[in-house]
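Here is the file input_33.pdb (PDB, C-alpha atoms and all ligand atoms).
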```pdb
ATOM      1  CA  MET A   1     133.794 -57.451 -32.690
ATOM      2  CA  CYS A   2     136.663 -55.326 -31.472
ATOM      3  CA  TRP A   3     140.234 -56.525 -31.173
ATOM      4  CA  ARG A   4     142.736 -54.407 -29.280
ATOM      5  CA  ARG A   5     146.251 -55.648 -29.463
ATOM      6  CA  TRP A   6     149.535 -53.999 -28.601
ATOM      7  CA  ARG A   7     151.976 -56.795 -28.930
ATOM      8  CA  CYS A   8     153.995 -55.562 -31.846
ATOM      9  CA  GLY A   9     157.140 -57.021 -30.259
ATOM     10  CA  CYS A  10     159.327 -54.900 -32.497
ATOM     11  CA  GLY A  11     161.155 -52.112 -30.692
ATOM     12  CA  ALA A  12     162.027 -50.317 -33.898
ATOM     13  CA  ARG A  13     158.476 -50.287 -35.106
ATOM     14  CA  ARG A  14     157.226 -49.097 -31.722
ATOM     15  CA  ALA A  15     159.669 -46.196 -31.952
ATOM     16  CA  GLU A  16     158.439 -45.291 -35.403
ATOM     17  CA  ARG A  17     154.876 -45.461 -34.240
ATOM     18  CA  SER A  18     155.453 -43.380 -31.122
ATOM     19  CA  VAL A  19     157.028 -40.584 -33.156
ATOM     20  CA  ARG A  20     153.848 -39.914 -34.971
ATOM     21  CA  GLY A  21     151.824 -39.208 -31.792
ATOM     22  CA  ALA A  22     148.109 -38.948 -32.417
ATOM     23  CA  ALA A  23     146.884 -41.001 -35.316
ATOM     24  CA  PRO A  24     146.697 -38.921 -38.467
ATOM     25  CA  LEU A  25     143.145 -38.702 -39.688
ATOM     26  CA  THR A  26     141.838 -38.328 -43.135
ATOM     27  CA  ALA A  27     140.336 -34.908 -43.742
ATOM     28  CA  ARG A  28     136.798 -34.621 -42.539
ATOM     29  CA  HIS A  29     134.552 -34.916 -45.526
ATOM     30  CA  PRO A  30     132.176 -32.007 -46.045
ATOM     31  CA  ALA A  31     129.353 -34.456 -46.619
ATOM     32  CA  PHE A  32     129.351 -35.099 -42.879
ATOM     33  CA  ASP A  33     129.278 -31.517 -41.712
ATOM     34  CA  GLY A  34     125.792 -31.728 -40.374
ATOM     35  CA  MET A  35     123.938 -32.172 -43.630
ATOM     36  CA  GLU A  36     123.147 -34.665 -46.284
ATOM     37  CA  PRO A  37     124.844 -33.931 -49.600
ATOM     38  CA  SER A  38     122.593 -32.210 -52.096
ATOM     39  CA  PRO A  39     121.739 -34.035 -55.318
ATOM     40  CA  ASP A  40     124.183 -31.747 -57.112
ATOM     41  CA  ALA A  41     126.897 -32.460 -54.587
ATOM     42  CA  GLY A  42     126.296 -36.117 -55.277
ATOM     43  CA  VAL A  43     127.889 -35.647 -58.683
ATOM     44  CA  ALA A  44     131.101 -34.333 -57.227
ATOM     45  CA  LEU A  45     131.173 -36.363 -54.030
ATOM     46  CA  PRO A  46     131.885 -40.053 -53.885
ATOM     47  CA  LYS A  47     128.645 -41.960 -54.060
ATOM     48  CA  LEU A  48     129.548 -43.753 -50.883
ATOM     49  CA  TYR A  49     128.572 -40.711 -48.840
ATOM     50  CA  THR A  50     125.081 -40.375 -50.190
ATOM     51  CA  THR A  51     122.854 -42.901 -48.444
ATOM     52  CA  ALA A  52     121.547 -42.839 -44.927
ATOM     53  CA  ALA A  53     122.397 -46.523 -44.581
ATOM     54  CA  SER A  54     126.032 -45.975 -45.460
ATOM     55  CA  HIS A  55     126.142 -43.184 -42.881
ATOM     56  CA  ASP A  56     125.185 -45.787 -40.288
ATOM     57  CA  LEU A  57     127.997 -48.072 -41.395
ATOM     58  CA  LEU A  58     130.464 -45.217 -41.230
ATOM     59  CA  ALA A  59     129.256 -43.916 -37.883
ATOM     60  CA  ILE A  60     131.891 -45.772 -35.902
ATOM     61  CA  GLY A  61     134.606 -43.876 -37.740
ATOM     62  CA  ARG A  62     133.476 -40.356 -36.897
ATOM     63  CA  GLY A  63     135.385 -38.029 -34.627
ATOM     64  CA  ARG A  64     139.036 -37.796 -33.599
ATOM     65  CA  ASP A  65     139.146 -41.101 -31.747
ATOM     66  CA  VAL A  66     138.524 -42.962 -34.907
ATOM     67  CA  MET A  67     138.466 -46.724 -34.811
ATOM     68  CA  LEU A  68     139.205 -48.578 -37.971
ATOM     69  CA  LYS A  69     136.456 -50.853 -39.177
ATOM     70  CA  LEU A  70     137.035 -53.774 -41.499
ATOM     71  CA  LEU A  71     134.087 -55.063 -43.491
ATOM     72  CA  GLY A  72     134.583 -58.572 -44.824
ATOM     73  CA  ARG A  73     134.303 -62.187 -43.809
ATOM     74  CA  ARG A  74     137.288 -63.478 -41.871
ATOM     75  CA  ASN A  75     137.637 -66.522 -44.122
ATOM     76  CA  ALA A  76     138.108 -64.525 -47.350
ATOM     77  CA  TYR A  77     141.487 -64.526 -49.086
ATOM     78  CA  ASN A  78     141.616 -60.762 -49.513
ATOM     79  CA  VAL A  79     140.303 -60.040 -46.032
ATOM     80  CA  ARG A  80     142.770 -62.361 -44.317
ATOM     81  CA  LYS A  81     145.701 -60.414 -45.750
ATOM     82  CA  VAL A  82     144.362 -57.248 -44.139
ATOM     83  CA  LEU A  83     143.672 -59.044 -40.856
ATOM     84  CA  TRP A  84     147.253 -60.265 -40.885
ATOM     85  CA  LEU A  85     148.630 -56.732 -41.254
ATOM     86  CA  LEU A  86     146.264 -55.208 -38.688
ATOM     87  CA  ASP A  87     147.503 -57.848 -36.271
ATOM     88  CA  GLU A  88     151.178 -57.207 -37.132
ATOM     89  CA  LEU A  89     150.598 -53.511 -36.490
ATOM     90  CA  GLY A  90     148.788 -54.168 -33.222
ATOM     91  CA  LEU A  91     145.923 -51.924 -34.260
ATOM     92  CA  ALA A  92     142.548 -51.792 -32.591
ATOM     93  CA  PHE A  93     139.740 -52.273 -35.046
ATOM     94  CA  ALA A  94     136.161 -53.381 -35.391
ATOM     95  CA  GLN A  95     135.244 -56.051 -37.899
ATOM     96  CA  GLU A  96     132.037 -57.323 -39.485
ATOM     97  CA  ASP A  97     131.612 -60.482 -41.549
ATOM     98  CA  TRP A  98     130.238 -59.310 -44.894
ATOM     99  CA  GLY A  99     130.278 -61.438 -48.033
ATOM    100  CA  ARG A 100     129.443 -64.950 -49.132
ATOM    101  CA  ASP A 101     127.531 -66.947 -46.484
ATOM    102  CA  PHE A 102     127.447 -63.890 -44.221
ATOM    103  CA  ARG A 103     125.864 -60.492 -44.771
ATOM    104  CA  PRO A 104     125.197 -59.966 -48.488
ATOM    105  CA  THR A 105     127.215 -57.224 -50.116
ATOM    106  CA  ASN A 106     124.720 -56.532 -52.899
ATOM    107  CA  VAL A 107     122.704 -54.235 -50.664
ATOM    108  CA  PRO A 108     122.621 -50.456 -51.094
ATOM    109  CA  GLU A 109     124.478 -49.623 -47.904
ATOM    110  CA  PHE A 110     127.406 -51.835 -48.838
ATOM    111  CA  LEU A 111     127.412 -50.894 -52.525
ATOM    112  CA  ALA A 112     127.515 -47.276 -51.434
ATOM    113  CA  LEU A 113     130.884 -48.037 -49.857
ATOM    114  CA  ASN A 114     132.193 -50.296 -52.603
ATOM    115  CA  PRO A 115     130.204 -50.331 -55.841
ATOM    116  CA  PHE A 116     131.826 -53.646 -56.791
ATOM    117  CA  GLY A 117     130.351 -55.389 -53.750
ATOM    118  CA  THR A 118     133.623 -57.067 -52.852
ATOM    119  CA  VAL A 119     135.395 -57.435 -49.542
ATOM    120  CA  PRO A 120     137.447 -56.122 -47.870
ATOM    121  CA  VAL A 121     136.388 -52.556 -47.299
ATOM    122  CA  LEU A 122     138.258 -50.566 -44.687
ATOM    123  CA  LEU A 123     136.527 -47.652 -43.015
ATOM    124  CA  ASP A 124     138.767 -45.002 -41.540
ATOM    125  CA  GLY A 125     136.877 -41.948 -40.461
ATOM    126  CA  GLU A 126     134.857 -40.842 -43.416
ATOM    127  CA  ALA A 127     136.948 -42.767 -45.918
ATOM    128  CA  ALA A 128     135.893 -46.136 -47.311
ATOM    129  CA  LEU A 129     138.783 -47.959 -48.976
ATOM    130  CA  ARG A 130     138.611 -50.996 -51.227
ATOM    131  CA  GLU A 131     141.271 -53.244 -52.823
ATOM    132  CA  SER A 132     143.211 -55.354 -50.358
ATOM    133  CA  HIS A 133     146.690 -54.332 -51.501
ATOM    134  CA  VAL A 134     145.772 -50.655 -51.446
ATOM    135  CA  ILE A 135     144.520 -51.163 -47.890
ATOM    136  CA  LEU A 136     147.795 -52.860 -46.915
ATOM    137  CA  ARG A 137     149.825 -49.938 -48.234
ATOM    138  CA  TYR A 138     147.464 -47.419 -46.679
ATOM    139  CA  LEU A 139     147.634 -48.981 -43.224
ATOM    140  CA  ALA A 140     151.418 -49.291 -43.239
ATOM    141  CA  ALA A 141     151.814 -45.651 -44.295
ATOM    142  CA  ARG A 142     149.136 -44.472 -41.850
ATOM    143  CA  GLU A 143     151.071 -46.151 -39.037
ATOM    144  CA  HIS A 144     154.474 -44.982 -40.304
ATOM    145  CA  ALA A 145     155.509 -48.619 -40.385
ATOM    146  CA  TRP A 146     158.386 -47.912 -42.746
ATOM    147  CA  SER A 147     160.110 -51.193 -42.065
ATOM    148  CA  LEU A 148     157.093 -52.817 -43.720
ATOM    149  CA  TYR A 149     156.660 -50.219 -46.454
ATOM    150  CA  PRO A 150     159.974 -48.426 -47.025
ATOM    151  CA  ARG A 151     160.043 -44.694 -47.515
ATOM    152  CA  GLU A 152     163.011 -45.026 -49.843
ATOM    153  CA  LEU A 153     161.454 -45.322 -53.276
ATOM    154  CA  ILE A 154     163.644 -48.003 -54.796
ATOM    155  CA  GLN A 155     163.207 -50.237 -51.749
ATOM    156  CA  ARG A 156     159.497 -49.497 -51.848
ATOM    157  CA  ALA A 157     159.350 -50.479 -55.516
ATOM    158  CA  HIS A 158     160.927 -53.841 -54.689
ATOM    159  CA  VAL A 159     158.243 -54.426 -52.069
ATOM    160  CA  GLU A 160     155.433 -53.367 -54.385
ATOM    161  CA  ALA A 161     156.760 -55.489 -57.222
ATOM    162  CA  TRP A 162     156.004 -58.616 -55.189
ATOM    163  CA  MET A 163     152.573 -57.332 -54.253
ATOM    164  CA  ASP A 164     151.690 -56.683 -57.886
ATOM    165  CA  TRP A 165     153.221 -60.003 -58.877
ATOM    166  CA  VAL A 166     150.701 -61.777 -56.665
ATOM    167  CA  ALA A 167     147.810 -59.582 -57.790
ATOM    168  CA  TYR A 168     148.442 -60.189 -61.478
ATOM    169  CA  ASP A 169     150.751 -63.106 -62.090
ATOM    170  CA  MET A 170     149.175 -65.525 -59.626
ATOM    171  CA  THR A 171     145.653 -65.122 -61.018
ATOM    172  CA  VAL A 172     145.647 -67.972 -63.521
ATOM    173  CA  ALA A 173     147.322 -70.248 -60.987
ATOM    174  CA  MET A 174     144.889 -69.424 -58.190
ATOM    175  CA  ARG A 175     141.847 -69.898 -60.382
ATOM    176  CA  GLY A 176     142.811 -73.216 -61.879
ATOM    177  CA  ALA A 177     144.658 -74.842 -59.010
ATOM    178  CA  TYR A 178     142.703 -73.489 -56.061
ATOM    179  CA  LEU A 179     139.213 -72.462 -57.208
ATOM    180  CA  GLY A 180     139.035 -75.303 -59.730
ATOM    181  CA  GLY A 181     141.256 -77.985 -58.240
ATOM    182  CA  GLU A 182     140.563 -77.588 -54.536
ATOM    183  CA  LEU A 183     137.080 -76.080 -54.422
ATOM    184  CA  GLY A 184     135.712 -77.580 -57.643
ATOM    185  CA  LEU A 185     134.172 -74.275 -58.752
ATOM    186  CA  GLU A 186     132.946 -73.757 -62.312
ATOM    187  CA  PRO A 187     134.367 -72.913 -64.766
ATOM    188  CA  TRP A 188     137.819 -73.252 -63.190
ATOM    189  CA  CYS A 189     137.396 -76.980 -62.524
ATOM    190  CA  GLN A 190     137.235 -77.621 -66.274
ATOM    191  CA  PRO A 191     140.352 -79.574 -67.359
ATOM    192  CA  GLN A 192     141.841 -76.779 -69.445
ATOM    193  CA  PHE A 193     141.785 -74.333 -66.510
ATOM    194  CA  LEU A 194     142.785 -76.959 -63.983
ATOM    195  CA  GLU A 195     145.847 -78.190 -65.822
ATOM    196  CA  VAL A 196     147.077 -74.763 -66.798
ATOM    197  CA  GLY A 197     146.424 -73.457 -63.282
ATOM    198  CA  ARG A 198     148.290 -76.248 -61.544
ATOM    199  CA  ALA A 199     151.284 -75.997 -63.873
ATOM    200  CA  GLU A 200     151.261 -72.247 -63.463
ATOM    201  CA  TYR A 201     151.107 -72.459 -59.658
ATOM    202  CA  ALA A 202     154.152 -74.750 -59.629
ATOM    203  CA  ARG A 203     155.990 -72.459 -62.041
ATOM    204  CA  ARG A 204     155.273 -69.360 -59.947
ATOM    205  CA  MET A 205     156.293 -71.089 -56.715
ATOM    206  CA  GLY A 206     159.500 -72.070 -58.486
ATOM    207  CA  GLN A 207     160.116 -68.383 -59.190
ATOM    208  CA  LEU A 208     159.606 -67.585 -55.525
ATOM    209  CA  ASP A 209     161.837 -70.443 -54.459
ATOM    210  CA  ALA A 210     164.621 -69.202 -56.740
ATOM    211  CA  ALA A 211     164.273 -65.616 -55.502
ATOM    212  CA  LEU A 212     164.429 -66.746 -51.884
ATOM    213  CA  ALA A 213     167.387 -69.037 -52.532
ATOM    214  CA  ALA A 214     169.250 -66.125 -54.131
ATOM    215  CA  GLY A 215     168.312 -63.597 -51.449
ATOM    216  CA  GLY A 216     166.023 -63.719 -48.475
ATOM    217  CA  PRO A 217     165.352 -64.494 -45.784
ATOM    218  CA  PHE A 218     162.290 -62.423 -46.755
ATOM    219  CA  LEU A 219     161.191 -61.437 -50.218
ATOM    220  CA  ALA A 220     162.485 -57.885 -50.125
ATOM    221  CA  GLY A 221     165.627 -58.814 -48.208
ATOM    222  CA  HIS A 222     166.482 -59.043 -44.522
ATOM    223  CA  GLU A 223     163.261 -57.583 -43.151
ATOM    224  CA  PHE A 224     159.704 -58.807 -43.208
ATOM    225  CA  THR A 225     157.768 -56.311 -45.356
ATOM    226  CA  LEU A 226     154.420 -55.909 -47.102
ATOM    227  CA  ALA A 227     155.953 -57.963 -49.929
ATOM    228  CA  ASP A 228     155.603 -61.014 -47.707
ATOM    229  CA  ILE A 229     151.897 -60.634 -46.990
ATOM    230  CA  PRO A 230     150.247 -61.432 -50.350
ATOM    231  CA  ALA A 231     153.111 -63.757 -51.302
ATOM    232  CA  GLY A 232     153.045 -65.449 -47.909
ATOM    233  CA  PHE A 233     149.392 -66.233 -48.439
ATOM    234  CA  VAL A 234     149.882 -67.878 -51.842
ATOM    235  CA  VAL A 235     152.792 -69.853 -50.403
ATOM    236  CA  HIS A 236     150.485 -71.013 -47.625
ATOM    237  CA  ARG A 237     147.928 -72.106 -50.220
ATOM    238  CA  TRP A 238     150.603 -74.010 -52.085
ATOM    239  CA  PHE A 239     151.437 -76.044 -49.010
ATOM    240  CA  ALA A 240     147.810 -76.276 -47.832
ATOM    241  CA  MET A 241     146.348 -77.546 -51.118
ATOM    242  CA  SER A 242     145.687 -81.255 -50.757
ATOM    243  CA  LYS A 243     144.598 -82.165 -54.283
ATOM    244  CA  LEU A 244     147.660 -81.158 -56.259
ATOM    245  CA  PRO A 245     148.932 -84.317 -57.970
ATOM    246  CA  GLN A 246     152.535 -83.369 -57.281
ATOM    247  CA  LYS A 247     154.527 -80.643 -55.609
ATOM    248  CA  PRO A 248     158.134 -80.295 -56.691
ATOM    249  CA  GLU A 249     160.702 -79.984 -53.892
ATOM    250  CA  MET A 250     161.356 -76.327 -53.143
ATOM    251  CA  PRO A 251     163.618 -76.077 -50.094
ATOM    252  CA  ALA A 252     163.917 -72.295 -49.950
ATOM    253  CA  LEU A 253     160.141 -71.954 -50.251
ATOM    254  CA  GLY A 254     159.572 -74.507 -47.480
ATOM    255  CA  ALA A 255     162.011 -72.690 -45.197
ATOM    256  CA  TYR A 256     160.263 -69.386 -45.976
ATOM    257  CA  TYR A 257     156.893 -70.879 -45.066
ATOM    258  CA  GLU A 258     158.254 -72.037 -41.716
ATOM    259  CA  ARG A 259     159.876 -68.649 -41.171
ATOM    260  CA  LEU A 260     156.545 -66.896 -41.722
ATOM    261  CA  SER A 261     154.901 -69.425 -39.426
ATOM    262  CA  GLU A 262     157.019 -68.127 -36.569
ATOM    263  CA  ARG A 263     154.874 -64.999 -36.713
ATOM    264  CA  PRO A 264     151.801 -65.279 -34.473
ATOM    265  CA  ALA A 265     149.755 -63.072 -36.796
ATOM    266  CA  PHE A 266     150.480 -65.390 -39.733
ATOM    267  CA  ARG A 267     149.322 -68.377 -37.729
ATOM    268  CA  ARG A 268     146.199 -66.582 -36.552
ATOM    269  CA  HIS A 269     144.986 -65.411 -39.955
ATOM    270  CA  ILE A 270     146.715 -67.457 -42.658
ATOM    271  CA  ARG A 271     148.096 -70.771 -41.427
ATOM    272  CA  ASN A 272     145.082 -71.212 -39.203
ATOM    273  CA  GLY A 273     143.515 -74.393 -40.523
ATOM    274  CA  LEU A 274     141.928 -72.739 -43.566
ATOM    275  CA  PRO A 275     143.579 -73.185 -46.961
TER     276      PRO A 275
HETATM  277  N1  LIG B   1     140.909 -57.053 -56.022
HETATM  278  C1  LIG B   1     140.035 -57.129 -54.887
HETATM  279  C2  LIG B   1     139.281 -58.446 -54.932
HETATM  280  C3  LIG B   1     138.203 -58.492 -53.867
HETATM  281  C4  LIG B   1     137.444 -59.818 -53.921
HETATM  282  O1  LIG B   1     137.220 -60.395 -55.009
HETATM  283  N2  LIG B   1     137.023 -60.300 -52.754
HETATM  284  C5  LIG B   1     136.263 -61.526 -52.670
HETATM  285  C6  LIG B   1     136.648 -62.281 -51.414
HETATM  286  S1  LIG B   1     138.331 -62.822 -51.453
HETATM  287  C7  LIG B   1     134.788 -61.213 -52.579
HETATM  288  O2  LIG B   1     134.402 -60.117 -52.270
HETATM  289  N3  LIG B   1     133.964 -62.228 -52.856
HETATM  290  C8  LIG B   1     132.533 -62.102 -52.768
HETATM  291  C9  LIG B   1     131.980 -62.417 -51.419
HETATM  292  O3  LIG B   1     132.695 -62.793 -50.502
HETATM  293  O4  LIG B   1     130.761 -62.241 -51.266
HETATM  294  C10 LIG B   1     140.864 -56.988 -53.594
HETATM  295  O5  LIG B   1     142.066 -57.298 -53.627
HETATM  296  O6  LIG B   1     140.337 -56.559 -52.561
END
```
For the file at hand, write its structure as structure tokens.
Amino acid sequence: MCWRRWRCGCGARRAERSVRGAAPLTARHPAFDGMEPSPDAGVALPKLYTTAASHDLLAIGRGRDVMLKLLGRRNAYNVRKVLWLLDELGLAFAQEDWGRDFRPTNVPEFLALNPFGTVPVLLDGEAALRESHVILRYLAAREHAWSLYPRELIQRAHVEAWMDWVAYDMTVAMRGAYLGGELGLEPWCQPQFLEVGRAEYARRMGQLDAALAAGGPFLAGHEFTLADIPAGFVVHRWFAMSKLPQKPEMPALGAYYERLSERPAFRRHIRNGLP
């Protein structure tokens, strides 16, 4: 599947993007210079370059006119964040549904790209990237989308603080309230996880609500940034979860959710009928 979209709608971002001219490419990896890596080279080279099958997966990324390729099912939490950003950036990319209920990731050609067998994986030329938040930062920097990922280091740190906050501080909440409470998955549906998770989700949303009430309209200030992508998703889950016994009133959070919902890319990939 290939999506080509140029509807960024943001004059400033278009200007930033046009300055860079041709898309910067990652350095061509020697493993692809007409030969298979030797067994010795396999020690020094990333394992992902060493199987014929992974070469097939990477084939679409070869050459100057590289097209990004996203491996991961479109209904996965960590994949949807990347889809959202790709859409915001108006990037052309190919996508394949790997992961649960789709193509299994425990096969050699996928494990060669990501030894943990998780999605998403982003292929850009000869590079295979894992970790959704790393991919978000990579794409924004690759596209010189500095309004999303500020060049100024203090501003950047404020953006990244929210990304890390979701990655670490939302974990207990997501497991208990969502995996346990909504999906009924073991062991998270056990009462101890469920109760702690639901209380924790409410507490964390309260932190977001307070931050937005004190600042905003977006998490890092006036502009929509990468900070809003992981956080926007957990806010969506908060409002989408149907089995929470109670949801405290959080006006600033509700307004933020509606503000994000004005973005077509958010509605296409996050507030799209899936929790
Ligand atoms: N920290 C990783 C977590 C990746 C992850 O756990 N992905 C899930 C989907 S959200 C996965 O691969 N699940 C197994 C599957 O779909 O087969 C990231 O942010 O990318």
Selection under test: the PyMOL selection byres (((chain A and resi 76-86) around 9) and not hetatm); residues as a ChimeraX atom specification: /A:70-75,87-93,99-100,119-121,131-133,135-136,139-140,226,229-230,233,265-270
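Between CA of Arg237 (chain A) and CA of Leu274 (chain A) there is a distance of 9.0 Å.
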CA of Leu260 (chain A) to CA of Gly232 (chain A), straight-line distance in Å: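 Taking CA of Gly232 (chain A) as the start and CA of Leu260 (chain A) as the end point, the length is 7.3 Å.
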Box for ligand LIG 1 (chain B): with edges along x, y and z, all listed atoms inside and 3 Å added on each side, what are the centre and edge lengths in Å to one decimal, as lines of an AutoDock Vina configuration file?
```
center_x = 136.4
center_y = -59.7
center_z = -53.3
size_x = 17.3
size_y = 12.3
size_z = 11.5
```
Shell around Leu183 (chain A) at 12 Å using all atoms listed in the file, local window under 3 positions removed, as JSON, numbers by chain: {"A": [174, 175, 176, 177, 178, 179, 180, 186, 187, 188, 189, 190, 194, 241, 242, 243, 244, 275]}
Best match for closeness to ligand LIG 1 (chain B) among A:Ala127, A:Ala213, A:Val107, A:Ala161, counting all atoms listed in the file: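 Going through A:Ala127, A:Ala213, A:Val107, A:Ala161 one by one, the smallest distance to ligand LIG 1 (chain B) is for A:Val107.
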Nearest to Ala94 (chain A), chosen from A:Arg142, A:Phe110, A:Phe116, A:Met67, with all atoms listed in the file counted in the distances: A:Met67
Separation of CA of Gln192 (chain A) from CA of Pro245 (chain A), in Å and rounded to one decimal: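 Between CA of Gln192 (chain A) and CA of Pro245 (chain A) the gap is 15.5 Å.
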Reference answer for the PyMOL selection byres (((chain A and resi 217) around 12) and not hetatm), as a ChimeraX atom specification: /A:208-216,218-225,228,252-260
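Considering the residues A:Lys69, A:Arg137, A:Arg198, A:His144 and counting all atoms listed in the file, ligand LIG 1 (chain B) has its shortest atom-to-atom contact with A:Arg137.
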Using the partial input, fill out region 157-164 of chain A with all heavy atoms; write the result as a PDB file, in the coordinates of the input.
```
ATOM      1  N   ALA A 157     159.713 -49.849 -54.232  1.00  0.00           N
ATOM      2  CA  ALA A 157     159.350 -50.479 -55.516  1.00  0.00           C
ATOM      3  C   ALA A 157     159.594 -51.982 -55.468  1.00  0.00           C
ATOM      4  O   ALA A 157     158.804 -52.768 -56.019  1.00  0.00           O
ATOM      5  CB  ALA A 157     160.141 -49.834 -56.653  1.00  0.00           C
ATOM      6  N   HIS A 158     160.670 -52.394 -54.800  1.00  0.00           N
ATOM      7  CA  HIS A 158     160.927 -53.841 -54.689  1.00  0.00           C
ATOM      8  C   HIS A 158     159.820 -54.533 -53.892  1.00  0.00           C
ATOM      9  O   HIS A 158     159.410 -55.649 -54.216  1.00  0.00           O
ATOM     10  CB  HIS A 158     162.294 -54.082 -54.030  1.00  0.00           C
ATOM     11  CG  HIS A 158     163.457 -53.757 -54.932  1.00  0.00           C
ATOM     12  ND1 HIS A 158     163.576 -54.281 -56.201  1.00  0.00           N
ATOM     13  CD2 HIS A 158     164.529 -52.953 -54.748  1.00  0.00           C
ATOM     14  CE1 HIS A 158     164.685 -53.817 -56.763  1.00  0.00           C
ATOM     15  NE2 HIS A 158     165.275 -53.002 -55.910  1.00  0.00           N
ATOM     16  N   VAL A 159     159.352 -53.859 -52.863  1.00  0.00           N
ATOM     17  CA  VAL A 159     158.243 -54.426 -52.069  1.00  0.00           C
ATOM     18  C   VAL A 159     156.982 -54.506 -52.935  1.00  0.00           C
ATOM     19  O   VAL A 159     156.305 -55.539 -53.010  1.00  0.00           O
ATOM     20  CB  VAL A 159     158.006 -53.566 -50.803  1.00  0.00           C
ATOM     21  CG1 VAL A 159     156.689 -53.930 -50.135  1.00  0.00           C
ATOM     22  CG2 VAL A 159     159.178 -53.729 -49.831  1.00  0.00           C
ATOM     23  N   GLU A 160     156.680 -53.416 -53.606  1.00  0.00           N
ATOM     24  CA  GLU A 160     155.433 -53.367 -54.385  1.00  0.00           C
ATOM     25  C   GLU A 160     155.470 -54.314 -55.582  1.00  0.00           C
ATOM     26  O   GLU A 160     154.422 -54.804 -56.024  1.00  0.00           O
ATOM     27  CB  GLU A 160     155.162 -51.931 -54.830  1.00  0.00           C
ATOM     28  CG  GLU A 160     154.881 -51.042 -53.637  1.00  0.00           C
ATOM     29  CD  GLU A 160     154.395 -49.664 -54.027  1.00  0.00           C
ATOM     30  OE1 GLU A 160     154.945 -49.083 -54.986  1.00  0.00           O
ATOM     31  OE2 GLU A 160     153.483 -49.167 -53.367  1.00  0.00           O
ATOM     32  N   ALA A 161     156.665 -54.565 -56.079  1.00  0.00           N
ATOM     33  CA  ALA A 161     156.760 -55.489 -57.222  1.00  0.00           C
ATOM     34  C   ALA A 161     156.215 -56.862 -56.841  1.00  0.00           C
ATOM     35  O   ALA A 161     155.506 -57.502 -57.624  1.00  0.00           O
ATOM     36  CB  ALA A 161     158.213 -55.598 -57.675  1.00  0.00           C
ATOM     37  N   TRP A 162     156.525 -57.311 -55.613  1.00  0.00           N
ATOM     38  CA  TRP A 162     156.004 -58.616 -55.189  1.00  0.00           C
ATOM     39  C   TRP A 162     154.505 -58.582 -54.942  1.00  0.00           C
ATOM     40  O   TRP A 162     153.800 -59.564 -55.172  1.00  0.00           O
ATOM     41  CB  TRP A 162     156.750 -59.102 -53.934  1.00  0.00           C
ATOM     42  CG  TRP A 162     158.112 -59.646 -54.242  1.00  0.00           C
ATOM     43  CD1 TRP A 162     159.318 -59.124 -53.882  1.00  0.00           C
ATOM     44  CD2 TRP A 162     158.415 -60.826 -55.007  1.00  0.00           C
ATOM     45  NE1 TRP A 162     160.343 -59.900 -54.365  1.00  0.00           N
ATOM     46  CE2 TRP A 162     159.818 -60.950 -55.051  1.00  0.00           C
ATOM     47  CE3 TRP A 162     157.630 -61.783 -55.653  1.00  0.00           C
ATOM     48  CZ2 TRP A 162     160.469 -61.999 -55.723  1.00  0.00           C
ATOM     49  CZ3 TRP A 162     158.264 -62.826 -56.315  1.00  0.00           C
ATOM     50  CH2 TRP A 162     159.657 -62.923 -56.344  1.00  0.00           C
ATOM     51  N   MET A 163     154.021 -57.441 -54.481  1.00  0.00           N
ATOM     52  CA  MET A 163     152.573 -57.332 -54.253  1.00  0.00           C
ATOM     53  C   MET A 163     151.827 -57.388 -55.587  1.00  0.00           C
ATOM     54  O   MET A 163     150.822 -58.095 -55.728  1.00  0.00           O
ATOM     55  CB  MET A 163     152.241 -56.038 -53.520  1.00  0.00           C
ATOM     56  CG  MET A 163     152.910 -55.935 -52.154  1.00  0.00           C
ATOM     57  SD  MET A 163     152.653 -54.358 -51.358  1.00  0.00           S
ATOM     58  CE  MET A 163     150.984 -54.583 -50.709  1.00  0.00           C
ATOM     59  N   ASP A 164     152.335 -56.668 -56.564  1.00  0.00           N
ATOM     60  CA  ASP A 164     151.690 -56.683 -57.886  1.00  0.00           C
ATOM     61  C   ASP A 164     151.849 -58.050 -58.555  1.00  0.00           C
ATOM     62  O   ASP A 164     150.955 -58.513 -59.264  1.00  0.00           O
ATOM     63  CB  ASP A 164     152.279 -55.596 -58.791  1.00  0.00           C
ATOM     64  CG  ASP A 164     151.756 -54.219 -58.441  1.00  0.00           C
ATOM     65  OD1 ASP A 164     151.097 -54.083 -57.393  1.00  0.00           O
ATOM     66  OD2 ASP A 164     152.017 -53.265 -59.214  1.00  0.00           O
TER      67      ASP A 164
END
```
